[in-house]
$ cat coords31.cif   # mmCIF, C-alpha atoms
data_structure
#
loop_
_atom_site.group_PDB
_atom_site.id
_atom_site.type_symbol
_atom_site.label_atom_id
_atom_site.label_comp_id
_atom_site.auth_asym_id
_atom_site.auth_seq_id
_atom_site.Cartn_x
_atom_site.Cartn_y
_atom_site.Cartn_z
ATOM 1 C CA MET T 55 -12.541 -3.585 -2.648
ATOM 2 C CA LEU T 56 -11.343 -7.109 -3.419
ATOM 3 C CA ASP T 57 -8.153 -8.899 -2.387
ATOM 4 C CA LEU T 58 -6.882 -10.381 -5.670
ATOM 5 C CA GLY T 59 -4.182 -12.467 -4.027
ATOM 6 C CA VAL T 60 -0.880 -13.166 -5.787
ATOM 7 C CA THR T 61 0.585 -15.601 -8.286
ATOM 8 C CA GLU T 62 2.766 -18.438 -6.981
ATOM 9 C CA GLY T 63 5.985 -17.126 -5.447
ATOM 10 C CA ALA T 64 4.826 -13.505 -5.382
ATOM 11 C CA VAL T 65 4.558 -11.371 -2.257
ATOM 12 C CA GLU T 66 2.439 -8.443 -3.527
ATOM 13 C CA SER T 67 0.091 -7.625 -6.382
ATOM 14 C CA PHE T 68 -0.821 -4.253 -7.872
ATOM 15 C CA ALA T 69 -3.946 -3.727 -9.999
ATOM 16 C CA MET T 70 -3.530 -1.313 -12.913
ATOM 17 C CA GLY T 71 -6.630 -1.796 -15.071
ATOM 18 C CA VAL T 72 -10.113 -3.300 -15.062
ATOM 19 C CA ASN T 73 -12.773 -3.855 -17.727
ATOM 20 C CA ALA T 74 -16.586 -4.076 -17.645
ATOM 21 C CA SER T 75 -16.369 -7.867 -17.093
ATOM 22 C CA ASP T 76 -14.402 -7.315 -13.857
ATOM 23 C CA GLN T 77 -11.199 -8.715 -15.348
ATOM 24 C CA VAL T 78 -8.210 -7.054 -13.704
ATOM 25 C CA VAL T 79 -4.643 -6.660 -14.972
ATOM 26 C CA GLY T 80 -1.511 -5.429 -13.274
ATOM 27 C CA TYR T 81 1.650 -6.956 -11.856
ATOM 28 C CA THR T 82 2.907 -9.062 -8.998
ATOM 29 C CA LEU T 83 6.218 -8.668 -7.202
ATOM 30 C CA SER T 84 8.326 -11.728 -6.442
ATOM 31 C CA LEU T 85 11.541 -11.493 -4.463
ATOM 32 C CA THR T 86 13.148 -14.064 -6.778
ATOM 33 C CA ASN T 87 11.537 -13.356 -10.193
ATOM 34 C CA GLY T 88 10.869 -9.601 -10.053
ATOM 35 C CA ASN T 89 7.697 -8.153 -11.567
ATOM 36 C CA ARG T 90 5.340 -10.357 -13.576
ATOM 37 C CA ALA T 91 2.222 -9.195 -15.452
ATOM 38 C CA PHE T 92 -1.052 -10.836 -14.411
ATOM 39 C CA LEU T 93 -4.659 -11.287 -15.467
ATOM 40 C CA HIS T 94 -7.275 -11.864 -12.752
ATOM 41 C CA SER T 95 -10.376 -13.413 -14.296
ATOM 42 C CA GLY T 96 -13.191 -15.492 -12.842
ATOM 43 C CA GLY T 97 -11.655 -15.455 -9.378
ATOM 44 C CA THR T 98 -8.258 -16.777 -10.543
ATOM 45 C CA MET T 99 -4.993 -14.888 -11.022
ATOM 46 C CA TYR T 100 -2.910 -15.937 -14.046
ATOM 47 C CA ASP T 101 0.696 -15.045 -14.868
ATOM 48 C CA LEU T 102 0.322 -13.519 -18.358
ATOM 49 C CA ASN T 103 3.656 -15.022 -19.386
ATOM 50 C CA SER T 104 2.127 -18.493 -19.086
ATOM 51 C CA LEU T 105 -0.881 -17.572 -21.252
ATOM 52 C CA VAL T 106 0.841 -15.945 -24.222
ATOM 53 C CA GLN T 107 1.614 -18.058 -27.272
ATOM 54 C CA ASP T 108 4.909 -17.504 -29.098
ATOM 55 C CA LEU T 109 6.367 -15.091 -26.538
ATOM 56 C CA PRO T 110 10.106 -14.904 -27.311
ATOM 57 C CA THR T 111 12.186 -16.614 -24.626
ATOM 58 C CA THR T 112 14.103 -13.360 -24.124
ATOM 59 C CA GLU T 113 10.907 -11.517 -23.139
ATOM 60 C CA VAL T 114 9.212 -11.362 -19.745
ATOM 61 C CA LEU T 115 5.962 -9.424 -19.395
ATOM 62 C CA VAL T 116 6.500 -7.330 -16.264
ATOM 63 C CA ASP T 117 3.264 -5.329 -16.063
ATOM 64 C CA ALA T 118 -0.104 -4.894 -17.727
ATOM 65 C CA PRO T 119 -1.455 -1.343 -17.396
ATOM 66 C CA GLY T 120 -4.734 -1.827 -19.251
ATOM 67 C CA ILE T 121 -7.495 -4.132 -20.464
ATOM 68 C CA ASN T 122 -10.487 -3.131 -22.592
ATOM 69 C CA ASP T 123 -13.997 -4.565 -22.887
ATOM 70 C CA GLN T 124 -12.888 -6.740 -25.836
ATOM 71 C CA ARG T 125 -10.384 -8.337 -23.362
ATOM 72 C CA GLN T 126 -7.375 -6.925 -25.210
ATOM 73 C CA ILE T 127 -4.488 -6.341 -22.807
ATOM 74 C CA VAL T 128 -1.587 -3.922 -23.090
ATOM 75 C CA ALA T 129 1.524 -5.402 -21.480
ATOM 76 C CA ASN T 130 5.115 -4.213 -21.126
ATOM 77 C CA SER T 131 8.208 -6.379 -21.190
ATOM 78 C CA GLY T 132 11.401 -6.042 -19.209
ATOM 79 C CA ASN T 133 13.098 -5.215 -22.545
ATOM 80 C CA SER T 134 11.080 -1.982 -22.868
ATOM 81 C CA ARG T 135 8.688 -3.368 -25.478
ATOM 82 C CA ALA T 136 4.914 -2.962 -25.395
ATOM 83 C CA TYR T 137 2.593 -5.736 -26.558
ATOM 84 C CA LEU T 138 -1.077 -5.907 -27.430
ATOM 85 C CA LEU T 139 -2.474 -9.252 -26.250
ATOM 86 C CA THR T 140 -5.623 -10.284 -28.085
ATOM 87 C CA PRO T 141 -7.735 -13.144 -26.690
ATOM 88 C CA MET T 142 -8.223 -16.337 -28.621
ATOM 89 C CA GLN T 143 -11.522 -18.243 -28.672
ATOM 90 C CA ALA T 144 -11.115 -19.894 -25.255
ATOM 91 C CA ALA T 145 -10.664 -17.454 -22.377
ATOM 92 C CA PRO T 146 -8.410 -16.632 -20.642
ATOM 93 C CA ALA T 147 -5.854 -17.604 -23.319
ATOM 94 C CA VAL T 148 -4.377 -14.697 -25.266
ATOM 95 C CA THR T 149 -2.191 -14.381 -28.292
ATOM 96 C CA MET T 150 0.562 -11.813 -28.619
ATOM 97 C CA LEU T 151 0.753 -9.039 -31.189
ATOM 98 C CA LEU T 152 3.558 -6.472 -31.216
ATOM 99 C CA LEU T 153 2.379 -2.883 -30.971
ATOM 100 C CA GLN T 154 3.673 -0.647 -33.751
#
$ encode --input "coords31.cif" --output "C-alpha coordinates"
Amino acid sequence: MLDLGVTEGAVESFAMGVNASDQVVGYTLSLTNGNRAFLHSGGTMYDLNSLVQDLPTTEVLVDAPGINDQRQIVANSGNSRAYLLTPMQAAPAVTMLLLQ
(Lines of atoms letter the chains of each structure in order from A and count residues from 1; the text may use other names and numbers.)
(Lines give C-alpha, C1' and ligand atoms only; values in the text may rest on other atoms or scores of the structure.)
Protein backbone atom coordinates (compact mmCIF):
# COMPACT_ATOMS: atom_id res chain seq x y z
CA MET A 1 0.00 0.00 0.00
CA LEU A 2 1.29 3.46 -0.92
CA ASP A 3 -0.06 6.90 -0.03
CA LEU A 4 -0.11 8.71 -3.39
CA GLY A 5 -0.89 12.10 -1.89
CA VAL A 6 -3.01 14.64 -3.76
CA THR A 7 -2.62 17.35 -6.37
CA GLU A 8 -2.52 20.98 -5.22
CA GLY A 9 -5.85 22.05 -3.73
CA ALA A 10 -7.23 18.52 -3.52
CA VAL A 11 -8.37 16.82 -0.32
CA GLU A 12 -8.57 13.16 -1.44
CA SER A 13 -7.26 10.93 -4.20
CA PHE A 14 -8.68 7.68 -5.55
CA ALA A 15 -6.58 5.21 -7.58
CA MET A 16 -8.43 3.48 -10.42
CA GLY A 17 -5.71 1.81 -12.51
CA VAL A 18 -2.06 0.79 -12.46
CA ASN A 19 0.35 -0.57 -15.07
CA ALA A 20 3.45 -2.80 -14.89
CA SER A 21 5.67 0.30 -14.47
CA ASP A 22 3.80 1.25 -11.27
CA GLN A 23 2.19 4.29 -12.89
CA VAL A 24 -1.17 4.95 -11.27
CA VAL A 25 -4.19 6.84 -12.62
CA GLY A 26 -7.40 7.93 -10.97
CA TYR A 27 -8.89 11.16 -9.69
CA THR A 28 -8.54 13.71 -6.93
CA LEU A 29 -11.36 15.56 -5.22
CA SER A 30 -11.07 19.30 -4.61
CA LEU A 31 -13.71 21.22 -2.71
CA THR A 32 -13.34 24.13 -5.15
CA ASN A 33 -12.53 22.42 -8.50
CA GLY A 34 -14.38 19.10 -8.22
CA ASN A 35 -12.83 15.91 -9.60
CA ARG A 36 -9.61 16.05 -11.62
CA ALA A 37 -7.92 13.11 -13.37
CA PHE A 38 -4.35 12.36 -12.30
CA LEU A 39 -1.26 10.40 -13.27
CA HIS A 40 1.13 9.31 -10.50
CA SER A 41 4.52 8.50 -12.02
CA GLY A 42 8.01 8.40 -10.55
CA GLY A 43 6.80 9.48 -7.13
CA THR A 44 4.99 12.60 -8.43
CA MET A 45 1.27 13.17 -8.94
CA TYR A 46 0.31 15.17 -12.05
CA ASP A 47 -3.05 16.71 -12.94
CA LEU A 48 -3.72 15.14 -16.36
CA ASN A 49 -5.36 18.37 -17.53
CA SER A 50 -1.99 20.11 -17.30
CA LEU A 51 -0.23 17.41 -19.35
CA VAL A 52 -2.59 17.11 -22.31
CA GLN A 53 -1.86 19.10 -25.45
CA ASP A 54 -4.77 20.67 -27.34
CA LEU A 55 -7.42 19.83 -24.75
CA PRO A 56 -10.44 22.00 -25.61
CA THR A 57 -10.98 24.75 -23.04
CA THR A 58 -14.52 23.46 -22.49
CA GLU A 59 -13.20 20.06 -21.36
CA VAL A 60 -11.98 19.01 -17.92
CA LEU A 61 -10.68 15.48 -17.42
CA VAL A 62 -12.42 14.32 -14.23
CA ASP A 63 -11.17 10.74 -13.88
CA ALA A 64 -8.83 8.21 -15.44
CA PRO A 65 -10.02 4.62 -14.96
CA GLY A 66 -7.16 2.85 -16.74
CA ILE A 67 -3.57 2.85 -17.95
CA ASN A 68 -1.88 0.10 -19.97
CA ASP A 69 1.75 -1.01 -20.21
CA GLN A 70 2.26 1.25 -23.26
CA ARG A 71 1.33 4.17 -20.91
CA GLN A 72 -1.90 4.89 -22.79
CA ILE A 73 -4.51 6.36 -20.45
CA VAL A 74 -8.29 6.30 -20.73
CA ALA A 75 -9.77 9.47 -19.25
CA ASN A 76 -13.31 10.83 -18.95
CA SER A 77 -14.34 14.45 -19.17
CA GLY A 78 -17.03 16.29 -17.27
CA ASN A 79 -18.87 16.57 -20.62
CA SER A 80 -19.34 12.78 -20.78
CA ARG A 81 -16.61 12.24 -23.37
CA ALA A 82 -13.94 9.55 -23.17
CA TYR A 83 -10.39 10.19 -24.36
CA LEU A 84 -7.43 7.98 -25.14
CA LEU A 85 -4.24 9.74 -24.03
CA THR A 86 -1.14 8.48 -25.82
CA PRO A 87 2.30 9.43 -24.46
CA MET A 88 4.69 11.52 -26.48
CA GLN A 89 8.45 10.92 -26.51
CA ALA A 90 9.18 12.60 -23.16
CA ALA A 91 7.29 11.11 -20.21
CA PRO A 92 5.02 11.97 -18.51
CA ALA A 93 3.65 14.22 -21.29
CA VAL A 94 0.67 12.81 -23.18
CA THR A 95 -1.22 13.81 -26.25
CA MET A 96 -4.98 13.54 -26.57
CA LEU A 97 -6.88 11.40 -29.05
CA LEU A 98 -10.67 11.18 -29.07
CA LEU A 99 -12.02 7.66 -28.67
CA GLN A 100 -14.43 6.62 -31.41
$ resolve_selection --input "coords31.cif" --expression "the PyMOL selection byres ((chain T and resi 112-125) around 9)" --output "PyMOL selection string"
chain T and resi 69-75+77-82+88-93+101-103+109-111+126-133+135-137+139-141+146+148
$ closest_residue --input "coords31.cif" --among "T:Ser134, T:Ser84, T:Ser104, T:Ser95" --to "Glu66 of chain T" --atoms "all atoms listed in the file"
T:Ser84
$ closest_residue --input "coords31.cif" --among "T:Met142, T:Val65, T:Met55, T:Val60" --to "Gln107 of chain T" --atoms "all atoms listed in the file"
T:Met142
$ residues_around --input "coords31.cif" --residues "Leu58 of chain T" --least-positions-apart "6" --cutoff "8 Å" --atoms "all atoms listed in the file" --output "short mmCIF file (atom, residue, chain, number, x, y, z; two decimals) with C-alpha atoms, keeping the file's coordinate frame"
data_model
loop_
_atom_site.label_atom_id
_atom_site.label_comp_id
_atom_site.auth_asym_id
_atom_site.auth_seq_id
_atom_site.Cartn_x
_atom_site.Cartn_y
_atom_site.Cartn_z
CA SER T 67 0.09 -7.62 -6.38
CA HIS T 94 -7.28 -11.86 -12.75
CA GLY T 97 -11.66 -15.46 -9.38
CA MET T 99 -4.99 -14.89 -11.02
#
$ atom_distance --input "coords31.cif" --atom1 "atom CA of Leu83 of chain T" --atom2 "atom CA of Asp108 of chain T"
23.6 Å
$ closest_residue --input "coords31.cif" --among "T:Ala64, T:Val106, T:Leu56, T:Leu138" --to "Asn87 of chain T" --atoms "all atoms listed in the file"
T:Ala64
$ axis_aligned_box --input "coords31.cif" --around "segment 74-88 of chain T" --padding-each-side "6 Å" --output "AutoDock Vina command-line options"
--center_x -1.7 --center_y -9.1 --center_z -11.1 --size_x 41.7 --size_y 22.0 --size_z 25.2
